[in-house]
file structure_22.txt (compact mmCIF, N, CA and C atoms)
# COMPACT_ATOMS: atom_id res chain seq x y z
N MET L 11 79.06 110.50 95.41
CA MET L 11 78.23 109.59 94.66
C MET L 11 78.57 108.20 95.14
N LEU L 12 77.55 107.41 95.43
CA LEU L 12 77.79 106.04 95.85
C LEU L 12 76.57 105.18 95.57
N ILE L 13 76.76 103.88 95.72
CA ILE L 13 75.63 102.96 95.73
C ILE L 13 75.28 102.80 97.19
N ASP L 14 74.10 103.25 97.57
CA ASP L 14 73.73 103.32 98.98
C ASP L 14 73.18 101.99 99.48
N LYS L 15 72.85 101.94 100.76
CA LYS L 15 72.40 100.71 101.41
C LYS L 15 71.17 100.10 100.74
N ASP L 16 70.34 100.93 100.11
CA ASP L 16 69.15 100.42 99.42
C ASP L 16 69.44 100.01 97.98
N ASN L 17 70.73 99.92 97.62
CA ASN L 17 71.19 99.52 96.29
C ASN L 17 70.71 100.48 95.20
N ARG L 18 70.81 101.76 95.48
CA ARG L 18 70.49 102.79 94.49
C ARG L 18 71.66 103.75 94.39
N PHE L 19 71.85 104.28 93.18
CA PHE L 19 72.86 105.32 93.00
C PHE L 19 72.37 106.57 93.74
N ARG L 20 73.24 107.18 94.54
CA ARG L 20 72.84 108.36 95.30
C ARG L 20 73.98 109.36 95.34
N LEU L 21 73.63 110.62 95.07
CA LEU L 21 74.58 111.73 95.14
C LEU L 21 74.39 112.45 96.46
N TYR L 22 75.47 112.66 97.18
CA TYR L 22 75.46 113.42 98.43
C TYR L 22 76.18 114.74 98.20
N VAL L 23 75.53 115.84 98.60
CA VAL L 23 76.12 117.17 98.47
C VAL L 23 75.98 117.89 99.81
N ARG L 24 77.08 118.47 100.26
CA ARG L 24 77.07 119.19 101.54
C ARG L 24 76.57 120.61 101.32
N GLN L 25 75.47 120.96 102.00
CA GLN L 25 74.95 122.31 102.03
C GLN L 25 74.91 122.71 103.51
N GLN L 26 73.76 123.02 104.07
CA GLN L 26 73.68 123.24 105.52
C GLN L 26 73.87 121.92 106.26
N GLY L 27 73.47 120.84 105.62
CA GLY L 27 73.67 119.46 106.05
C GLY L 27 73.86 118.66 104.77
N TRP L 28 73.72 117.36 104.84
CA TRP L 28 73.84 116.54 103.64
C TRP L 28 72.51 116.52 102.90
N GLU L 29 72.55 116.87 101.62
CA GLU L 29 71.41 116.79 100.72
C GLU L 29 71.68 115.66 99.74
N THR L 30 70.61 114.98 99.29
CA THR L 30 70.81 113.84 98.39
C THR L 30 69.91 113.91 97.17
N ALA L 31 70.39 113.30 96.10
CA ALA L 31 69.61 113.05 94.89
C ALA L 31 69.85 111.60 94.56
N ASP L 32 68.79 110.88 94.19
CA ASP L 32 68.97 109.47 93.92
C ASP L 32 68.31 109.05 92.62
N SER L 33 68.59 107.82 92.25
CA SER L 33 68.06 107.23 91.03
C SER L 33 67.24 106.00 91.42
N LEU L 34 66.22 105.71 90.65
CA LEU L 34 65.44 104.50 90.87
C LEU L 34 66.16 103.26 90.35
N THR L 35 67.22 103.48 89.54
CA THR L 35 67.98 102.37 88.98
C THR L 35 68.70 101.62 90.09
N ARG L 36 68.51 100.31 90.11
CA ARG L 36 69.23 99.44 91.06
C ARG L 36 70.26 98.66 90.24
N PRO L 37 71.53 98.98 90.44
CA PRO L 37 72.54 98.31 89.61
C PRO L 37 72.59 96.81 89.85
N LYS L 38 72.83 96.08 88.76
CA LYS L 38 72.95 94.63 88.80
C LYS L 38 74.42 94.27 88.60
N PRO L 39 74.95 93.34 89.37
CA PRO L 39 76.35 92.94 89.19
C PRO L 39 76.63 92.51 87.76
N GLY L 40 77.77 92.96 87.24
CA GLY L 40 78.20 92.56 85.90
C GLY L 40 77.69 93.46 84.79
N HIS L 41 76.80 94.39 85.09
CA HIS L 41 76.25 95.29 84.08
C HIS L 41 76.97 96.63 84.12
N TRP L 42 76.96 97.31 82.99
CA TRP L 42 77.67 98.57 82.83
C TRP L 42 76.70 99.73 82.98
N TYR L 43 77.11 100.77 83.72
CA TYR L 43 76.29 101.97 83.93
C TYR L 43 77.16 103.20 83.71
N LEU L 44 76.57 104.22 83.13
CA LEU L 44 77.25 105.51 82.99
C LEU L 44 76.66 106.44 84.04
N ILE L 45 77.48 106.87 84.97
CA ILE L 45 77.06 107.76 86.04
C ILE L 45 77.69 109.12 85.80
N GLY L 46 76.88 110.15 85.90
CA GLY L 46 77.39 111.51 85.73
C GLY L 46 76.93 112.40 86.87
N VAL L 47 77.78 113.33 87.23
CA VAL L 47 77.44 114.36 88.21
C VAL L 47 77.76 115.69 87.57
N VAL L 48 76.78 116.57 87.54
CA VAL L 48 76.96 117.90 86.98
C VAL L 48 76.65 118.91 88.07
N VAL L 49 77.58 119.84 88.29
CA VAL L 49 77.35 120.90 89.27
C VAL L 49 77.22 122.21 88.50
N ARG L 50 76.06 122.81 88.62
CA ARG L 50 75.77 124.11 88.00
C ARG L 50 75.71 125.16 89.10
N ASP L 51 75.49 126.42 88.74
CA ASP L 51 75.44 127.49 89.74
C ASP L 51 74.38 127.25 90.80
N ALA L 52 73.19 126.78 90.39
CA ALA L 52 72.07 126.68 91.32
C ALA L 52 71.69 125.25 91.69
N GLN L 53 72.32 124.23 91.07
CA GLN L 53 71.94 122.86 91.40
C GLN L 53 73.04 121.88 91.05
N ALA L 54 72.97 120.73 91.71
CA ALA L 54 73.83 119.58 91.39
C ALA L 54 72.90 118.50 90.85
N GLU L 55 73.35 117.78 89.83
CA GLU L 55 72.50 116.79 89.17
C GLU L 55 73.16 115.42 89.16
N LEU L 56 72.35 114.39 89.30
CA LEU L 56 72.78 113.01 89.16
C LEU L 56 72.23 112.49 87.84
N TRP L 57 73.10 111.91 87.02
CA TRP L 57 72.73 111.35 85.73
C TRP L 57 73.05 109.87 85.72
N VAL L 58 72.13 109.04 85.24
CA VAL L 58 72.35 107.60 85.10
C VAL L 58 71.95 107.21 83.69
N ASN L 59 72.89 106.64 82.97
CA ASN L 59 72.65 106.16 81.60
C ASN L 59 72.03 107.23 80.70
N GLY L 60 72.60 108.43 80.75
CA GLY L 60 72.19 109.50 79.85
C GLY L 60 70.92 110.24 80.24
N LYS L 61 70.37 109.96 81.43
CA LYS L 61 69.15 110.64 81.88
C LYS L 61 69.37 111.26 83.25
N ARG L 62 68.90 112.49 83.41
CA ARG L 62 68.98 113.11 84.73
C ARG L 62 67.95 112.44 85.64
N THR L 63 68.42 111.88 86.74
CA THR L 63 67.54 111.13 87.63
C THR L 63 67.27 111.84 88.95
N GLY L 64 68.03 112.88 89.23
CA GLY L 64 67.82 113.62 90.47
C GLY L 64 68.61 114.90 90.46
N GLN L 65 68.16 115.82 91.30
CA GLN L 65 68.88 117.09 91.40
C GLN L 65 68.75 117.64 92.81
N ILE L 66 69.71 118.46 93.17
CA ILE L 66 69.75 119.09 94.48
C ILE L 66 69.89 120.59 94.27
N LYS L 67 69.00 121.35 94.87
CA LYS L 67 69.10 122.81 94.80
C LYS L 67 70.27 123.25 95.67
N LEU L 68 71.16 124.05 95.10
CA LEU L 68 72.30 124.56 95.86
C LEU L 68 71.94 125.90 96.48
N THR L 69 72.02 125.96 97.79
CA THR L 69 71.74 127.20 98.51
C THR L 69 73.01 127.96 98.84
N GLN L 70 74.14 127.32 98.60
CA GLN L 70 75.45 127.94 98.82
C GLN L 70 76.46 127.22 97.94
N PRO L 71 77.61 127.84 97.69
CA PRO L 71 78.63 127.15 96.88
C PRO L 71 79.11 125.88 97.58
N LEU L 72 79.56 124.92 96.79
CA LEU L 72 80.12 123.71 97.39
C LEU L 72 81.41 124.09 98.13
N PRO L 73 81.62 123.51 99.31
CA PRO L 73 82.83 123.87 100.06
C PRO L 73 84.09 123.40 99.35
N GLN L 74 85.10 124.23 99.36
CA GLN L 74 86.41 123.88 98.81
C GLN L 74 87.25 123.32 99.95
N THR L 75 87.77 122.11 99.77
CA THR L 75 88.58 121.49 100.81
C THR L 75 89.90 121.01 100.20
N LYS L 76 90.80 120.60 101.06
CA LYS L 76 92.06 120.03 100.61
C LYS L 76 91.97 118.51 100.50
N ALA L 77 90.76 117.96 100.70
CA ALA L 77 90.58 116.51 100.61
C ALA L 77 90.84 116.05 99.18
N PRO L 78 91.50 114.90 99.01
CA PRO L 78 91.77 114.42 97.66
C PRO L 78 90.49 113.90 96.99
N LEU L 79 90.46 113.99 95.68
CA LEU L 79 89.37 113.40 94.91
C LEU L 79 89.64 111.90 94.82
N THR L 80 88.69 111.10 95.25
CA THR L 80 88.89 109.65 95.26
C THR L 80 87.77 108.97 94.48
N PHE L 81 88.09 107.81 93.91
CA PHE L 81 87.13 107.00 93.18
C PHE L 81 87.17 105.59 93.77
N GLY L 82 86.02 105.02 94.03
CA GLY L 82 85.97 103.66 94.54
C GLY L 82 86.05 103.55 96.05
N GLY L 83 86.01 104.67 96.75
CA GLY L 83 86.05 104.65 98.20
C GLY L 83 86.32 106.04 98.73
N VAL L 84 86.31 106.19 100.03
CA VAL L 84 86.55 107.47 100.69
C VAL L 84 87.89 107.38 101.41
N ASP L 85 88.76 108.37 101.17
CA ASP L 85 90.02 108.48 101.89
C ASP L 85 89.82 109.54 102.96
N ASP L 86 89.57 109.10 104.19
CA ASP L 86 89.29 109.99 105.31
C ASP L 86 90.53 110.08 106.18
N ASN L 87 91.47 110.96 105.77
CA ASN L 87 92.75 111.11 106.48
C ASN L 87 93.48 109.77 106.61
N GLY L 88 93.51 109.01 105.53
CA GLY L 88 94.21 107.73 105.53
C GLY L 88 93.35 106.54 105.89
N ARG L 89 92.14 106.79 106.39
CA ARG L 89 91.20 105.70 106.70
C ARG L 89 90.34 105.49 105.45
N ILE L 90 90.51 104.36 104.79
CA ILE L 90 89.77 104.07 103.56
C ILE L 90 88.50 103.33 103.93
N TRP L 91 87.35 103.83 103.48
CA TRP L 91 86.07 103.20 103.79
C TRP L 91 85.08 103.47 102.67
N GLN L 92 83.89 102.93 102.78
CA GLN L 92 82.86 102.96 101.74
C GLN L 92 83.45 102.48 100.41
N ASN L 93 84.10 101.34 100.47
CA ASN L 93 84.76 100.80 99.28
C ASN L 93 83.76 100.29 98.26
N PHE L 94 84.08 100.51 97.00
CA PHE L 94 83.28 100.03 95.89
C PHE L 94 83.81 98.68 95.46
N PHE L 95 82.95 97.67 95.45
CA PHE L 95 83.31 96.34 94.99
C PHE L 95 82.84 96.23 93.55
N GLY L 96 83.75 96.41 92.63
CA GLY L 96 83.39 96.37 91.23
C GLY L 96 84.52 96.91 90.38
N ALA L 97 84.20 97.35 89.19
CA ALA L 97 85.20 97.87 88.27
C ALA L 97 84.78 99.26 87.80
N LEU L 98 85.73 100.17 87.82
CA LEU L 98 85.52 101.49 87.23
C LEU L 98 86.23 101.49 85.89
N ASP L 99 85.50 101.81 84.84
CA ASP L 99 86.06 101.73 83.50
C ASP L 99 86.72 103.03 83.07
N GLU L 100 86.11 104.15 83.39
CA GLU L 100 86.60 105.42 82.85
C GLU L 100 86.11 106.56 83.73
N VAL L 101 86.93 107.59 83.83
CA VAL L 101 86.56 108.80 84.56
C VAL L 101 86.86 109.98 83.65
N ARG L 102 85.90 110.89 83.56
CA ARG L 102 86.10 112.13 82.79
C ARG L 102 85.77 113.31 83.69
N LEU L 103 86.65 114.28 83.72
CA LEU L 103 86.42 115.51 84.47
C LEU L 103 86.42 116.67 83.49
N HIS L 104 85.42 117.53 83.60
CA HIS L 104 85.30 118.69 82.71
C HIS L 104 85.38 119.96 83.56
N ASP L 105 85.98 121.00 83.01
CA ASP L 105 86.11 122.23 83.78
C ASP L 105 84.85 123.10 83.71
N LYS L 106 83.90 122.73 82.86
CA LYS L 106 82.61 123.42 82.77
C LYS L 106 81.51 122.37 82.73
N PRO L 107 80.33 122.69 83.30
CA PRO L 107 79.24 121.71 83.26
C PRO L 107 78.74 121.48 81.83
N LEU L 108 78.51 120.22 81.49
CA LEU L 108 77.93 119.90 80.18
C LEU L 108 76.43 120.16 80.23
N ASP L 109 75.88 120.62 79.11
CA ASP L 109 74.43 120.84 79.07
C ASP L 109 73.71 119.50 78.95
N ALA L 110 72.39 119.53 79.10
CA ALA L 110 71.60 118.30 79.12
C ALA L 110 71.76 117.51 77.82
N GLU L 111 71.83 118.18 76.69
CA GLU L 111 71.97 117.49 75.41
C GLU L 111 73.30 116.73 75.34
N LYS L 112 74.37 117.36 75.78
CA LYS L 112 75.69 116.70 75.76
C LYS L 112 75.74 115.56 76.77
N MET L 113 75.11 115.75 77.92
CA MET L 113 75.09 114.67 78.91
C MET L 113 74.35 113.45 78.35
N ALA L 114 73.22 113.68 77.72
CA ALA L 114 72.46 112.57 77.14
C ALA L 114 73.25 111.89 76.03
N ALA L 115 74.00 112.67 75.25
CA ALA L 115 74.75 112.13 74.12
C ALA L 115 75.97 111.31 74.56
N THR L 116 76.40 111.46 75.81
CA THR L 116 77.57 110.69 76.27
C THR L 116 77.25 109.22 76.47
N TYR L 117 75.98 108.88 76.56
CA TYR L 117 75.59 107.50 76.86
C TYR L 117 75.37 106.69 75.60
N THR L 118 76.06 105.56 75.53
CA THR L 118 75.84 104.55 74.51
C THR L 118 75.53 103.26 75.25
N PRO L 119 74.36 102.66 75.03
CA PRO L 119 74.03 101.43 75.76
C PRO L 119 75.05 100.32 75.51
N VAL L 120 75.36 99.60 76.57
CA VAL L 120 76.26 98.45 76.50
C VAL L 120 75.47 97.23 76.94
N THR L 121 75.35 96.25 76.06
CA THR L 121 74.56 95.06 76.38
C THR L 121 75.42 93.91 76.90
N SER L 122 76.72 93.97 76.63
CA SER L 122 77.57 92.88 77.13
C SER L 122 77.70 93.00 78.65
N THR L 123 77.91 91.88 79.29
CA THR L 123 78.04 91.86 80.75
C THR L 123 79.32 91.13 81.13
N HIS L 124 79.74 91.37 82.36
CA HIS L 124 80.90 90.68 82.92
C HIS L 124 80.40 89.53 83.79
N LYS L 125 81.09 88.41 83.71
CA LYS L 125 80.76 87.32 84.62
C LYS L 125 81.37 87.67 85.97
N VAL L 126 80.53 87.69 86.99
CA VAL L 126 80.99 88.04 88.33
C VAL L 126 81.13 86.77 89.14
N PRO L 127 82.36 86.48 89.60
CA PRO L 127 82.53 85.24 90.38
C PRO L 127 81.81 85.34 91.72
N LYS L 128 81.38 84.18 92.21
CA LYS L 128 80.77 84.14 93.54
C LYS L 128 81.86 84.38 94.57
N PRO L 129 81.52 85.12 95.63
CA PRO L 129 82.53 85.33 96.67
C PRO L 129 82.86 84.01 97.36
N PRO L 130 84.10 83.88 97.84
CA PRO L 130 84.46 82.62 98.51
C PRO L 130 83.67 82.45 99.81
N LYS L 131 83.51 81.19 100.20
CA LYS L 131 82.83 80.91 101.46
C LYS L 131 83.73 81.36 102.60
N PRO L 132 83.13 81.88 103.67
CA PRO L 132 83.95 82.31 104.82
C PRO L 132 84.73 81.13 105.39
N PHE L 133 85.93 81.43 105.84
CA PHE L 133 86.79 80.41 106.43
C PHE L 133 86.83 80.66 107.93
N THR L 134 86.43 79.68 108.73
CA THR L 134 86.39 79.81 110.18
C THR L 134 87.78 79.62 110.76
N LEU L 135 88.23 80.62 111.52
CA LEU L 135 89.54 80.54 112.16
C LEU L 135 89.46 80.08 113.61
N TRP L 136 88.31 80.24 114.23
CA TRP L 136 88.16 79.90 115.64
C TRP L 136 86.95 79.02 115.81
N THR L 137 87.13 77.88 116.47
CA THR L 137 86.02 76.96 116.70
C THR L 137 85.76 76.75 118.19
N GLY L 138 86.47 77.48 119.03
CA GLY L 138 86.30 77.34 120.47
C GLY L 138 85.10 78.11 120.99
N PRO L 139 85.05 78.29 122.33
CA PRO L 139 83.93 79.01 122.92
C PRO L 139 83.95 80.48 122.50
N PRO L 140 82.83 81.19 122.69
CA PRO L 140 82.81 82.62 122.34
C PRO L 140 83.90 83.38 123.07
N ILE L 141 84.49 84.33 122.40
CA ILE L 141 85.55 85.14 122.99
C ILE L 141 84.91 86.22 123.84
N PRO L 142 85.32 86.37 125.12
CA PRO L 142 84.71 87.38 125.98
C PRO L 142 85.02 88.79 125.50
N ASP L 143 84.13 89.73 125.80
CA ASP L 143 84.36 91.13 125.44
C ASP L 143 85.59 91.68 126.17
N ASN L 144 85.78 91.27 127.41
CA ASN L 144 86.92 91.71 128.20
C ASN L 144 88.07 90.73 127.98
N VAL L 145 89.12 91.16 127.29
CA VAL L 145 90.22 90.26 126.96
C VAL L 145 90.94 89.75 128.20
N GLU L 146 90.80 90.42 129.33
CA GLU L 146 91.42 89.97 130.58
C GLU L 146 90.81 88.65 131.04
N LEU L 147 89.61 88.30 130.57
CA LEU L 147 88.93 87.08 130.99
C LEU L 147 89.29 85.87 130.14
N ILE L 148 90.13 86.06 129.12
CA ILE L 148 90.49 84.95 128.25
C ILE L 148 91.48 84.06 129.02
N PRO L 149 91.13 82.77 129.21
CA PRO L 149 92.04 81.88 129.95
C PRO L 149 93.21 81.46 129.07
N PHE L 150 94.39 81.56 129.63
CA PHE L 150 95.59 81.10 128.93
C PHE L 150 96.20 79.95 129.70
N ALA L 151 96.71 78.98 128.96
CA ALA L 151 97.38 77.85 129.64
C ALA L 151 98.69 78.36 130.19
N GLY L 152 98.97 78.04 131.42
CA GLY L 152 100.18 78.58 132.05
C GLY L 152 101.17 77.62 132.29
call {"tool": "encode", "arguments": {"input": "structure_22.txt", "output": "structure tokens"}}
result
Amino acid sequence: MLIDKDNRFRLYVRQQGWETADSLTRPKPGHWYLIGVVVRDAQAELWVNGKRTGQIKLTQPLPQTKAPLTFGGVDDNGRIWQNFFGALDEVRLHDKPLDAEKMAATYTPVTSTHKVPKPPKPFTLWTGPPIPDNVELIPFAG
């Protein structure tokens, strides 16, 4: 589950290839969202704010791997990527899938927002000529 390049919540599930389910919701900085993923025998579901927004038909069981469960990014053998810039408030894991009624009941609207600071302006470290692709061409004072 991630916020994809088009700024939508998207669930990725590995079947024969990558299958996706997405939401039309475009998250806004500083706002709170409840995201749920439910895996049933025949489908995986994406839930946003108490509503099922997408589903993926499962044609085979989800692969079991030794990869760690991570939140806020991907740990790919020590290479951390697809980082989430934001705050995760709470994580709940259930050993059985919740039914639609229970999933809907987990959502309570939150109207308060967080003030999100503006990112700092980039700081230029190099003001000289462009650095060549081939480092052997960089002139050094001798």
call {"tool": "residues_around", "arguments": {"input": "structure_22.txt", "residues": "stretch 57-74 of chain L", "least_positions_apart": "4", "cutoff": "7 Å", "atoms": "only N, CA and C atoms", "output": "NGL selection string"}}
result
:L and (24-26 or 29-34 or 43-48 or 51-53 or 113-118)
call {"tool": "write_last_selection", "arguments": {"input": "structure_22.txt", "atoms": "N, CA and C atoms", "output": "short mmCIF file (atom, residue, chain, number, x, y, z; two decimals), in the frame of the given file"}}
result
data_model
loop_
_atom_site.label_atom_id
_atom_site.label_comp_id
_atom_site.auth_asym_id
_atom_site.auth_seq_id
_atom_site.Cartn_x
_atom_site.Cartn_y
_atom_site.Cartn_z
N ARG L 24 77.08 118.47 100.26
CA ARG L 24 77.07 119.19 101.54
C ARG L 24 76.57 120.61 101.32
N GLN L 25 75.47 120.96 102.00
CA GLN L 25 74.95 122.31 102.03
C GLN L 25 74.91 122.71 103.51
N GLN L 26 73.76 123.02 104.07
CA GLN L 26 73.68 123.24 105.52
C GLN L 26 73.87 121.92 106.26
N GLU L 29 72.55 116.87 101.62
CA GLU L 29 71.41 116.79 100.72
C GLU L 29 71.68 115.66 99.74
N THR L 30 70.61 114.98 99.29
CA THR L 30 70.81 113.84 98.39
C THR L 30 69.91 113.91 97.17
N ALA L 31 70.39 113.30 96.10
CA ALA L 31 69.61 113.05 94.89
C ALA L 31 69.85 111.60 94.56
N ASP L 32 68.79 110.88 94.19
CA ASP L 32 68.97 109.47 93.92
C ASP L 32 68.31 109.05 92.62
N SER L 33 68.59 107.82 92.25
CA SER L 33 68.06 107.23 91.03
C SER L 33 67.24 106.00 91.42
N LEU L 34 66.22 105.71 90.65
CA LEU L 34 65.44 104.50 90.87
C LEU L 34 66.16 103.26 90.35
N TYR L 43 77.11 100.77 83.72
CA TYR L 43 76.29 101.97 83.93
C TYR L 43 77.16 103.20 83.71
N LEU L 44 76.57 104.22 83.13
CA LEU L 44 77.25 105.51 82.99
C LEU L 44 76.66 106.44 84.04
N ILE L 45 77.48 106.87 84.97
CA ILE L 45 77.06 107.76 86.04
C ILE L 45 77.69 109.12 85.80
N GLY L 46 76.88 110.15 85.90
CA GLY L 46 77.39 111.51 85.73
C GLY L 46 76.93 112.40 86.87
N VAL L 47 77.78 113.33 87.23
CA VAL L 47 77.44 114.36 88.21
C VAL L 47 77.76 115.69 87.57
N VAL L 48 76.78 116.57 87.54
CA VAL L 48 76.96 117.90 86.98
C VAL L 48 76.65 118.91 88.07
N ASP L 51 75.49 126.42 88.74
CA ASP L 51 75.44 127.49 89.74
C ASP L 51 74.38 127.25 90.80
N ALA L 52 73.19 126.78 90.39
CA ALA L 52 72.07 126.68 91.32
C ALA L 52 71.69 125.25 91.69
N GLN L 53 72.32 124.23 91.07
CA GLN L 53 71.94 122.86 91.40
C GLN L 53 73.04 121.88 91.05
N MET L 113 75.11 115.75 77.92
CA MET L 113 75.09 114.67 78.91
C MET L 113 74.35 113.45 78.35
N ALA L 114 73.22 113.68 77.72
CA ALA L 114 72.46 112.57 77.14
C ALA L 114 73.25 111.89 76.03
N ALA L 115 74.00 112.67 75.25
CA ALA L 115 74.75 112.13 74.12
C ALA L 115 75.97 111.31 74.56
N THR L 116 76.40 111.46 75.81
CA THR L 116 77.57 110.69 76.27
C THR L 116 77.25 109.22 76.47
N TYR L 117 75.98 108.88 76.56
CA TYR L 117 75.59 107.50 76.86
C TYR L 117 75.37 106.69 75.60
N THR L 118 76.06 105.56 75.53
CA THR L 118 75.84 104.55 74.51
C THR L 118 75.53 103.26 75.25
#
call {"tool": "atom_distance", "arguments": {"input": "structure_22.txt", "atom1": "atom CA of L:Asp109", "atom2": "atom CA of L:Val49"}}
result
10.6 Å
call {"tool": "atom_distance", "arguments": {"input": "structure_22.txt", "atom1": "atom C of L:Met11", "atom2": "atom C of L:Pro129"}}
result
24.7 Å
call {"tool": "select_by_dssp", "arguments": {"input": "structure_22.txt", "residues": "chain L", "states": "strand (DSSP E)", "output": "PyMOL selection string"}}
result
chain L and resi 12-13+19-24+28-32+45-49+53-58+61-67+84-86+89-91
call {"tool": "atom_distance", "arguments": {"input": "structure_22.txt", "atom1": "atom C of L:Gly88", "atom2": "atom C of L:Ile13"}}
result
20.4 Å
call {"tool": "decode", "arguments": {"input": "structure_22.txt", "residues": "stretch 19-36 of chain L", "atoms": "N, CA and C atoms", "output": "JSON list (two decimals), in the first residue's frame"}}
result
[["chain", "number", "residue", "atom", "x", "y", "z"],
["L", 19, "PHE", "N", -4.04, 6.71, -3.11],
["L", 19, "PHE", "CA", -3.73, 5.51, -2.35],
["L", 19, "PHE", "C", -3.85, 4.32, -3.29],
["L", 20, "ARG", "N", -2.85, 3.44, -3.28],
["L", 20, "ARG", "CA", -2.89, 2.28, -4.17],
["L", 20, "ARG", "C", -2.33, 1.06, -3.46],
["L", 21, "LEU", "N", -3.06, -0.05, -3.60],
["L", 21, "LEU", "CA", -2.65, -1.33, -3.05],
["L", 21, "LEU", "C", -2.03, -2.16, -4.16],
["L", 22, "TYR", "N", -0.84, -2.69, -3.92],
["L", 22, "TYR", "CA", -0.17, -3.59, -4.86],
["L", 22, "TYR", "C", -0.17, -5.00, -4.28],
["L", 23, "VAL", "N", -0.59, -5.97, -5.09],
["L", 23, "VAL", "CA", -0.62, -7.36, -4.66],
["L", 23, "VAL", "C", 0.05, -8.20, -5.75],
["L", 24, "ARG", "N", 0.96, -9.06, -5.33],
["L", 24, "ARG", "CA", 1.68, -9.92, -6.28],
["L", 24, "ARG", "C", 0.84, -11.16, -6.58],
["L", 25, "GLN", "N", 0.49, -11.34, -7.85],
["L", 25, "GLN", "CA", -0.17, -12.54, -8.32],
["L", 25, "GLN", "C", 0.74, -13.11, -9.42],
["L", 26, "GLN", "N", 0.28, -13.23, -10.66],
["L", 26, "GLN", "CA", 1.18, -13.62, -11.74],
["L", 26, "GLN", "C", 2.15, -12.47, -12.05],
["L", 27, "GLY", "N", 1.70, -11.26, -11.81],
["L", 27, "GLY", "CA", 2.46, -10.02, -11.88],
["L", 27, "GLY", "C", 1.90, -9.13, -10.80],
["L", 28, "TRP", "N", 2.17, -7.85, -10.86],
["L", 28, "TRP", "CA", 1.61, -6.93, -9.87],
["L", 28, "TRP", "C", 0.21, -6.52, -10.29],
["L", 29, "GLU", "N", -0.74, -6.70, -9.38],
["L", 29, "GLU", "CA", -2.12, -6.27, -9.56],
["L", 29, "GLU", "C", -2.35, -5.10, -8.60],
["L", 30, "THR", "N", -3.22, -4.15, -8.99],
["L", 30, "THR", "CA", -3.43, -2.98, -8.14],
["L", 30, "THR", "C", -4.90, -2.69, -7.92],
["L", 31, "ALA", "N", -5.18, -2.08, -6.79],
["L", 31, "ALA", "CA", -6.49, -1.51, -6.48],
["L", 31, "ALA", "C", -6.21, -0.10, -5.98],
["L", 32, "ASP", "N", -6.99, 0.87, -6.42],
["L", 32, "ASP", "CA", -6.72, 2.23, -6.00],
["L", 32, "ASP", "C", -7.97, 2.94, -5.53],
["L", 33, "SER", "N", -7.74, 4.12, -4.99],
["L", 33, "SER", "CA", -8.80, 4.96, -4.47],
["L", 33, "SER", "C", -8.79, 6.28, -5.24],
["L", 34, "LEU", "N", -9.94, 6.88, -5.40],
["L", 34, "LEU", "CA", -10.02, 8.19, -6.03],
["L", 34, "LEU", "C", -9.59, 9.30, -5.07],
["L", 35, "THR", "N", -9.50, 8.96, -3.77],
["L", 35, "THR", "CA", -9.10, 9.94, -2.77],
["L", 35, "THR", "C", -7.66, 10.37, -3.00],
["L", 36, "ARG", "N", -7.45, 11.68, -3.05],
["L", 36, "ARG", "CA", -6.10, 12.24, -3.15],
["L", 36, "ARG", "C", -5.79, 12.87, -1.80]]
